[in-house]
Amino acid sequence: MKVSKISNKQRTIAKKVTLQGVGLHTGENVTMSFLPAKENHGFAFKRIDLEGEPIIEADANYVVNTQRGTNLEKNGVKIHTSEHVLAALVGLDIDNVLIELDAPEPPIMDGSSKFFVKALEEAGIVEQEQEREEYIVKDVVSYKDETTGSEITVIPSDEYQITTMVDFGTKVLGTQNATLEKISDFKEEIADARTFSFLHELEMLLEHGLIKGGDLNNAIVYVDKEISESTMKKLEKAFDKKKLSVKPNGILDNLTLHYPNEAARHKLLDVVGDLALVGSRIRGKVIANKPGHFVNTQFAKKLSKIIKIEKRNKVPTYDLNQTPLMDVTQIMNMLPHRPPFLLVDKILELSDSHVVGVKNVTMNEPFFVGHFPGAPVMPGVLQVEAMAQTGGILVLSTVPDPENYLTFFMKIDNVKFKQQVVPGDTLIFKCDLISPIRRGICHMQAYAYANGRLVSEAELMAQIVKTKNTDS
């Protein structure tokens with residue numbers, strides 16, 4: 001698998017939009033607002049009811065509990081039942097939104113994503129400048145819960161697709177399947193599929209004081225066992241209803257199914273919401289057999305880890321035959337270094353925040369004489385120096401007279417050497433600013449690549465200083 005950029009742009013909403021309701025499990029009244037967010041922000045929840053208004057990113061690594069929904073926690077701050085909100089965002093092909101809440105749980109509304117979709121569409125969806133990064137599935141990735149037999153697999157596909165298969169071993173529900181062929185169908189085919197519960201689960205939840213915000217308008221109840229008169233009385237009291245009954249299709253009282261396979265569609269909705277926690281759009285087909293929040297989020301964690309590793313090790317490609325932005329003569333007009341200590345041959349790219357340089361490593365390098373006789377290897381310290389010289393071009397490009405400055409190291413952190421560099425290798429250096437350049441101080445993340453692999457990396461800090469023998 002690999003990460004690659006596609007041509008479509010990131011999207012957010014045009015304005016703030018607010019909903020009010022009650023949390024399904026907490027029973028707390030809640031006001032929730034969707035707000036526009038900058039590019040590469042992703043999805044995050046903000047608890048405006050707490051001191052400091054802490055933010056919890058929609059990240060699989062923050063999942064702490066999945067018993068009755070996907071619950072997140074960061075630094076002791078919690079968000080309950082996040083999946084329906086996140087599903088609406090992904091289903092509308094939105095990338096960046098901040099979700100503000102004055103309680104720990106979003107409103108359950110009708111138990112689906114329909115009202116969130118409606119609110120987001122009312123806010124308006126706008127395109128942003130930067131392109132969306134999408135994870136293209138090239139290999140099969142699976143996660144299986146051996147205890148339950150639940151399993152999720154993703155396979156290559158031309159677009160994001162999801163199929164769910166559910167079988168709870170009950171006659172009332174039976175075996176159901178649902179498929180989302182393309183994300184643009186989410187609104188019409190999946191968004192209004194409501195959450196559901198079995199009677200035996202409902203009894204347990206009521207016993208433990210959960211589903212405080214539940215009523216017959218936001219949860220389908222499948223009656224999978226005979227109801228005693230005493231149980232029916234308890235349910236009537238819990239739902240504040242004078243009379244409850246079981247419909248011929250095995251559903252408790254006055255709800256009408258939107259689809260015969262509404263349970264499978266809602267499970268698909270949950271998969272969409274839970275996989276939003278991966279943090280990257282997916283181009284691949286997800287096949288979920290007996291999905292649930294635990295297996296969904298465990299799969300999300302696994303996929304997120306794979307994506308992060310491949311992003312970190314991803315080797316950018318450059319046309320080494322293109323006319324360079326700067327050749328070695330131009331580099332020497334900017335850098336004070338000279339052979340044999342000039343370790344950059346040309347500059348391919350230069351912007352306000354990054355630079356890409358190249359060095360052709362030959363056997364003529366003086367350091368190969370002693371490092372090592374009979375086994376020439378470029379010293380790691382010189383790889384770091386070469387990355388720093390490339391970064392020097394970036395910081396010196398911010399002054400009108402770079403020839404009058406020297407560049408000095410201030411700090412080197414997190415240095416890692418992955419592969420040996422030997423004669424015949426072409427080194428490509430890429431340096432990205434970690435923070436804006438201030439007072440001539442440049443803090444950057446640097447990488448060195450050769451032969452399609454990452455060979456070294458380091459976090460560098462340097463400062464340019466004007467030489468004393470120049471005019472003020």
# chains A, B, ... in the order shown; residues from 1 in each chain; ligands from 1

call {"tool": "closest_atom_pairs", "arguments": {"of": "segment 277-390 of chain A", "to": "segment 257-273 of chain A", "cutoff": "12 Å", "atoms": "only C-alpha atoms", "output": "tab-separated table"}}
result
residue	atom	partner	partner_atom	distance
A:Leu277	CA	A:Gly273	CA	7.5
A:Val278	CA	A:Gly273	CA	9.9
A:Gly279	CA	A:Gly273	CA	11.2
A:Arg281	CA	A:Val272	CA	10.8
A:Ile282	CA	A:Val272	CA	10.7
A:Lys285	CA	A:Val272	CA	11.8
A:Val286	CA	A:Val271	CA	9.0
A:Ile287	CA	A:Leu268	CA	9.8
A:Ala288	CA	A:Val271	CA	8.1
A:Asn289	CA	A:Lys267	CA	10.1
A:Lys290	CA	A:Lys267	CA	8.6
A:Pro291	CA	A:Lys267	CA	6.8
A:Gly292	CA	A:Lys267	CA	7.4
A:His293	CA	A:Asp270	CA	7.4
A:Phe294	CA	A:Val271	CA	10.6
A:Val295	CA	A:Val271	CA	9.6
A:Asn296	CA	A:Val271	CA	6.2
A:Thr297	CA	A:Val271	CA	8.7
A:Gln298	CA	A:Val271	CA	11.5
A:Phe299	CA	A:Val271	CA	10.2
A:Ala300	CA	A:Val271	CA	9.6

call {"tool": "residues_around", "arguments": {"residues": "Glu83 of chain A", "least_positions_apart": "3", "cutoff": "12 Å", "atoms": "only C-alpha atoms", "output": "ChimeraX atom specification"}}
result
/A:43,58-60,63,66,68-72,79-80,86-91,105-108,111-113,116,191,195,266-277,292-293,296-297

call {"tool": "write_last_selection", "arguments": {"atoms": "N, CA and C atoms", "output": "short mmCIF file (atom, residue, chain, number, x, y, z; two decimals), in the first residue's frame"}}
result
data_model
loop_
_atom_site.label_atom_id
_atom_site.label_comp_id
_atom_site.auth_asym_id
_atom_site.auth_seq_id
_atom_site.Cartn_x
_atom_site.Cartn_y
_atom_site.Cartn_z
N PHE A 43 -10.90 16.11 11.77
CA PHE A 43 -12.05 16.22 12.67
C PHE A 43 -11.57 16.24 14.11
N ALA A 58 -10.24 13.34 16.52
CA ALA A 58 -10.88 12.08 16.12
C ALA A 58 -9.79 11.12 15.68
N ASP A 59 -9.18 10.46 16.66
CA ASP A 59 -8.01 9.61 16.44
C ASP A 59 -8.27 8.26 17.09
N ALA A 60 -8.02 7.18 16.34
CA ALA A 60 -8.27 5.83 16.86
C ALA A 60 -7.49 5.55 18.13
N VAL A 63 -9.38 5.97 21.50
CA VAL A 63 -10.53 5.13 21.83
C VAL A 63 -10.25 4.39 23.14
N THR A 66 -15.71 0.78 23.97
CA THR A 66 -16.59 0.58 22.81
C THR A 66 -17.83 -0.24 23.17
N ARG A 68 -20.92 0.62 24.34
CA ARG A 68 -22.17 1.15 23.78
C ARG A 68 -21.88 2.37 22.94
N GLY A 69 -21.02 2.21 21.94
CA GLY A 69 -20.62 3.33 21.11
C GLY A 69 -19.12 3.50 21.18
N THR A 70 -18.61 4.36 20.33
CA THR A 70 -17.16 4.61 20.29
C THR A 70 -16.85 5.82 21.14
N ASN A 71 -16.14 5.59 22.23
CA ASN A 71 -15.87 6.63 23.21
C ASN A 71 -14.39 6.99 23.20
N LEU A 72 -14.12 8.28 23.16
CA LEU A 72 -12.75 8.79 23.09
C LEU A 72 -12.37 9.45 24.40
N ILE A 79 -15.30 11.99 25.15
CA ILE A 79 -16.38 12.17 24.19
C ILE A 79 -17.03 10.81 24.00
N HIS A 80 -18.34 10.74 24.25
CA HIS A 80 -19.06 9.47 24.10
C HIS A 80 -19.78 9.42 22.76
N LEU A 86 -19.30 11.50 13.13
CA LEU A 86 -18.17 11.32 12.21
C LEU A 86 -18.62 10.70 10.89
N ALA A 87 -19.59 9.80 10.96
CA ALA A 87 -20.10 9.18 9.73
C ALA A 87 -20.73 10.22 8.81
N ALA A 88 -21.45 11.18 9.38
CA ALA A 88 -22.07 12.24 8.58
C ALA A 88 -21.01 13.06 7.86
N LEU A 89 -19.92 13.37 8.56
CA LEU A 89 -18.84 14.17 7.96
C LEU A 89 -18.19 13.44 6.80
N VAL A 90 -17.84 12.17 7.02
CA VAL A 90 -17.23 11.38 5.95
C VAL A 90 -18.23 11.16 4.82
N GLY A 91 -19.48 10.88 5.18
CA GLY A 91 -20.50 10.62 4.18
C GLY A 91 -20.77 11.79 3.26
N GLU A 105 -21.39 14.04 25.34
CA GLU A 105 -21.95 13.16 24.32
C GLU A 105 -22.76 13.96 23.31
N PRO A 106 -22.54 13.73 22.00
CA PRO A 106 -23.37 14.40 20.99
C PRO A 106 -24.83 14.01 21.13
N PRO A 107 -25.74 14.81 20.62
CA PRO A 107 -27.16 14.46 20.70
C PRO A 107 -27.46 13.23 19.85
N ILE A 108 -28.30 12.35 20.35
CA ILE A 108 -28.61 11.11 19.62
C ILE A 108 -29.55 11.39 18.46
N GLY A 111 -31.18 8.66 16.24
CA GLY A 111 -30.39 7.43 16.27
C GLY A 111 -29.65 7.14 14.98
N SER A 112 -29.68 8.09 14.05
CA SER A 112 -28.98 7.93 12.78
C SER A 112 -28.06 9.14 12.57
N SER A 113 -27.61 9.32 11.32
CA SER A 113 -26.79 10.49 10.99
C SER A 113 -27.59 11.53 10.20
N PHE A 116 -27.55 15.25 11.32
CA PHE A 116 -26.21 15.84 11.20
C PHE A 116 -25.93 16.18 9.74
N ALA A 191 -27.55 7.28 5.65
CA ALA A 191 -27.60 8.29 6.71
C ALA A 191 -28.78 8.15 7.65
N THR A 195 -30.00 3.45 14.91
CA THR A 195 -29.40 2.49 15.83
C THR A 195 -30.46 1.52 16.33
N HIS A 266 -27.28 0.35 9.36
CA HIS A 266 -26.76 1.12 10.48
C HIS A 266 -25.37 0.63 10.88
N LYS A 267 -25.15 -0.67 10.82
CA LYS A 267 -23.81 -1.19 11.10
C LYS A 267 -22.80 -0.64 10.10
N LEU A 268 -23.24 -0.45 8.84
CA LEU A 268 -22.36 0.17 7.85
C LEU A 268 -22.08 1.62 8.21
N LEU A 269 -23.12 2.32 8.66
CA LEU A 269 -22.95 3.70 9.13
C LEU A 269 -21.91 3.76 10.24
N ASP A 270 -21.99 2.83 11.18
CA ASP A 270 -21.02 2.79 12.28
C ASP A 270 -19.60 2.55 11.76
N VAL A 271 -19.46 1.69 10.77
CA VAL A 271 -18.13 1.43 10.19
C VAL A 271 -17.57 2.70 9.57
N VAL A 272 -18.40 3.44 8.84
CA VAL A 272 -17.95 4.71 8.24
C VAL A 272 -17.47 5.66 9.33
N GLY A 273 -18.26 5.79 10.41
CA GLY A 273 -17.89 6.69 11.49
C GLY A 273 -16.65 6.24 12.23
N ASP A 274 -16.56 4.95 12.54
CA ASP A 274 -15.40 4.45 13.28
C ASP A 274 -14.12 4.53 12.45
N LEU A 275 -14.21 4.28 11.15
CA LEU A 275 -13.00 4.33 10.31
C LEU A 275 -12.58 5.76 10.00
N ALA A 276 -13.43 6.74 10.35
CA ALA A 276 -12.99 8.14 10.27
C ALA A 276 -11.82 8.37 11.22
N LEU A 277 -11.71 7.54 12.25
CA LEU A 277 -10.65 7.67 13.25
C LEU A 277 -9.29 7.27 12.70
N GLY A 292 -18.63 -4.45 14.81
CA GLY A 292 -19.02 -3.81 16.06
C GLY A 292 -17.97 -2.77 16.37
N HIS A 293 -18.24 -1.92 17.35
CA HIS A 293 -17.32 -0.82 17.61
C HIS A 293 -15.92 -1.30 18.02
N ASN A 296 -14.22 -2.60 14.81
CA ASN A 296 -14.05 -1.44 13.93
C ASN A 296 -12.85 -0.59 14.35
N THR A 297 -12.80 -0.28 15.64
CA THR A 297 -11.75 0.64 16.11
C THR A 297 -10.40 -0.05 16.22
#

call {"tool": "select_by_dssp", "arguments": {"residues": "segment 122-252 of chain A", "states": "helix (DSSP H, G or I)", "output": "VMD selection string"}}
result
chain A and resid 122 to 123 183 to 189 199 to 207 229 to 238

call {"tool": "write_last_selection", "arguments": {"atoms": "C-alpha atoms", "output": "PDB file, in the first residue's frame"}}
result
ATOM      1  CA  GLU A 122     -27.419  23.831   5.593  1.00  0.00           C
ATOM      2  CA  ALA A 123     -24.024  25.198   6.644  1.00  0.00           C
ATOM      3  CA  ILE A 183     -19.467   7.614  -0.644  1.00  0.00           C
ATOM      4  CA  SER A 184     -21.791   9.977  -2.533  1.00  0.00           C
ATOM      5  CA  ASP A 185     -24.611   7.466  -1.906  1.00  0.00           C
ATOM      6  CA  PHE A 186     -24.265   7.784   1.878  1.00  0.00           C
ATOM      7  CA  LYS A 187     -26.888  10.506   2.291  1.00  0.00           C
ATOM      8  CA  GLU A 188     -29.628   8.667   0.404  1.00  0.00           C
ATOM      9  CA  GLU A 189     -28.851   5.056   1.334  1.00  0.00           C
ATOM     10  CA  LEU A 199     -34.726  -6.621  24.061  1.00  0.00           C
ATOM     11  CA  HIS A 200     -32.280  -8.585  26.223  1.00  0.00           C
ATOM     12  CA  GLU A 201     -29.701  -5.805  25.794  1.00  0.00           C
ATOM     13  CA  LEU A 202     -32.293  -3.158  26.557  1.00  0.00           C
ATOM     14  CA  GLU A 203     -33.209  -4.801  29.840  1.00  0.00           C
ATOM     15  CA  MET A 204     -29.549  -4.900  30.868  1.00  0.00           C
ATOM     16  CA  LEU A 205     -28.963  -1.272  29.872  1.00  0.00           C
ATOM     17  CA  LEU A 206     -31.973  -0.070  31.822  1.00  0.00           C
ATOM     18  CA  GLU A 207     -30.849  -2.092  34.826  1.00  0.00           C
ATOM     19  CA  GLU A 229     -45.989  -8.645  31.763  1.00  0.00           C
ATOM     20  CA  SER A 230     -43.630  -7.269  34.428  1.00  0.00           C
ATOM     21  CA  THR A 231     -40.939  -6.539  31.847  1.00  0.00           C
ATOM     22  CA  MET A 232     -43.460  -4.765  29.635  1.00  0.00           C
ATOM     23  CA  LYS A 233     -44.494  -2.585  32.575  1.00  0.00           C
ATOM     24  CA  LYS A 234     -40.857  -1.632  33.202  1.00  0.00           C
ATOM     25  CA  LEU A 235     -40.405  -0.731  29.542  1.00  0.00           C
ATOM     26  CA  GLU A 236     -43.580   1.353  29.509  1.00  0.00           C
ATOM     27  CA  LYS A 237     -42.307   3.246  32.538  1.00  0.00           C
ATOM     28  CA  ALA A 238     -38.806   3.678  31.090  1.00  0.00           C
TER      29      ALA A 238
END

call {"tool": "residues_around", "arguments": {"residues": "Thr407 of chain A", "least_positions_apart": "2", "cutoff": "8 Å", "atoms": "only C-alpha atoms", "output": "count of residues only"}}
result
7

call {"tool": "select_by_dssp", "arguments": {"residues": "segment 103-242 of chain A", "states": "strand (DSSP E or B)", "output": "VMD selection string"}}
result
chain A and resid 125 to 136 141 to 144 151 to 155 161 to 167 175 to 180 196 to 198 220 to 222

call {"tool": "residues_around", "arguments": {"residues": "Gln383 of chain A", "least_positions_apart": "3", "cutoff": "9 Å", "atoms": "only C-alpha atoms", "output": "PyMOL selection string"}}
result
chain A and resi 343+378-380+386-388+421+427+448+456-457

call {"tool": "decode", "arguments": {"residues": "segment 32-47 of chain A", "atoms": "N, CA and C atoms", "output": "mmCIF file, in the first residue's frame"}}
result
data_model
loop_
_atom_site.group_PDB
_atom_site.id
_atom_site.type_symbol
_atom_site.label_atom_id
_atom_site.label_comp_id
_atom_site.auth_asym_id
_atom_site.auth_seq_id
_atom_site.Cartn_x
_atom_site.Cartn_y
_atom_site.Cartn_z
ATOM 1 N N MET A 32 -24.571 21.175 20.298
ATOM 2 C CA MET A 32 -23.405 20.814 19.502
ATOM 3 C C MET A 32 -23.349 21.688 18.261
ATOM 4 N N SER A 33 -22.158 22.198 17.962
ATOM 5 C CA SER A 33 -21.979 23.046 16.792
ATOM 6 C C SER A 33 -20.879 22.496 15.897
ATOM 7 N N PHE A 34 -21.123 22.542 14.592
ATOM 8 C CA PHE A 34 -20.094 22.258 13.602
ATOM 9 C C PHE A 34 -19.498 23.595 13.166
ATOM 10 N N LEU A 35 -18.167 23.695 13.153
ATOM 11 C CA LEU A 35 -17.501 24.932 12.746
ATOM 12 C C LEU A 35 -16.517 24.654 11.608
ATOM 13 N N PRO A 36 -16.341 25.604 10.693
ATOM 14 C CA PRO A 36 -15.322 25.437 9.650
ATOM 15 C C PRO A 36 -13.940 25.270 10.278
ATOM 16 N N ALA A 37 -13.065 24.535 9.605
ATOM 17 C CA ALA A 37 -11.702 24.318 10.094
ATOM 18 C C ALA A 37 -10.723 24.459 8.932
ATOM 19 N N LYS A 38 -9.497 24.816 9.278
ATOM 20 C CA LYS A 38 -8.478 25.038 8.248
ATOM 21 C C LYS A 38 -8.067 23.727 7.594
ATOM 22 N N GLU A 39 -7.308 23.844 6.526
ATOM 23 C CA GLU A 39 -6.819 22.679 5.804
ATOM 24 C C GLU A 39 -5.943 21.808 6.701
ATOM 25 N N ASN A 40 -6.039 20.501 6.493
ATOM 26 C CA ASN A 40 -5.266 19.495 7.239
ATOM 27 C C ASN A 40 -5.622 19.441 8.725
ATOM 28 N N HIS A 41 -6.728 20.057 9.106
ATOM 29 C CA HIS A 41 -7.179 20.031 10.499
ATOM 30 C C HIS A 41 -7.795 18.690 10.856
ATOM 31 N N GLY A 42 -8.534 18.119 9.896
ATOM 32 C CA GLY A 42 -9.242 16.879 10.173
ATOM 33 C C GLY A 42 -10.467 17.131 11.041
ATOM 34 N N PHE A 43 -10.902 16.106 11.773
ATOM 35 C CA PHE A 43 -12.055 16.218 12.665
ATOM 36 C C PHE A 43 -11.567 16.244 14.109
ATOM 37 N N ALA A 44 -12.182 17.104 14.920
ATOM 38 C CA ALA A 44 -11.830 17.172 16.340
ATOM 39 C C ALA A 44 -13.034 17.662 17.126
ATOM 40 N N PHE A 45 -13.125 17.195 18.372
ATOM 41 C CA PHE A 45 -14.191 17.609 19.283
ATOM 42 C C PHE A 45 -13.622 18.588 20.298
ATOM 43 N N LYS A 46 -14.411 19.624 20.623
ATOM 44 C CA LYS A 46 -13.985 20.634 21.592
ATOM 45 C C LYS A 46 -15.030 20.726 22.702
ATOM 46 N N ARG A 47 -14.607 20.476 23.935
ATOM 47 C CA ARG A 47 -15.501 20.526 25.096
ATOM 48 C C ARG A 47 -15.531 21.950 25.656
#
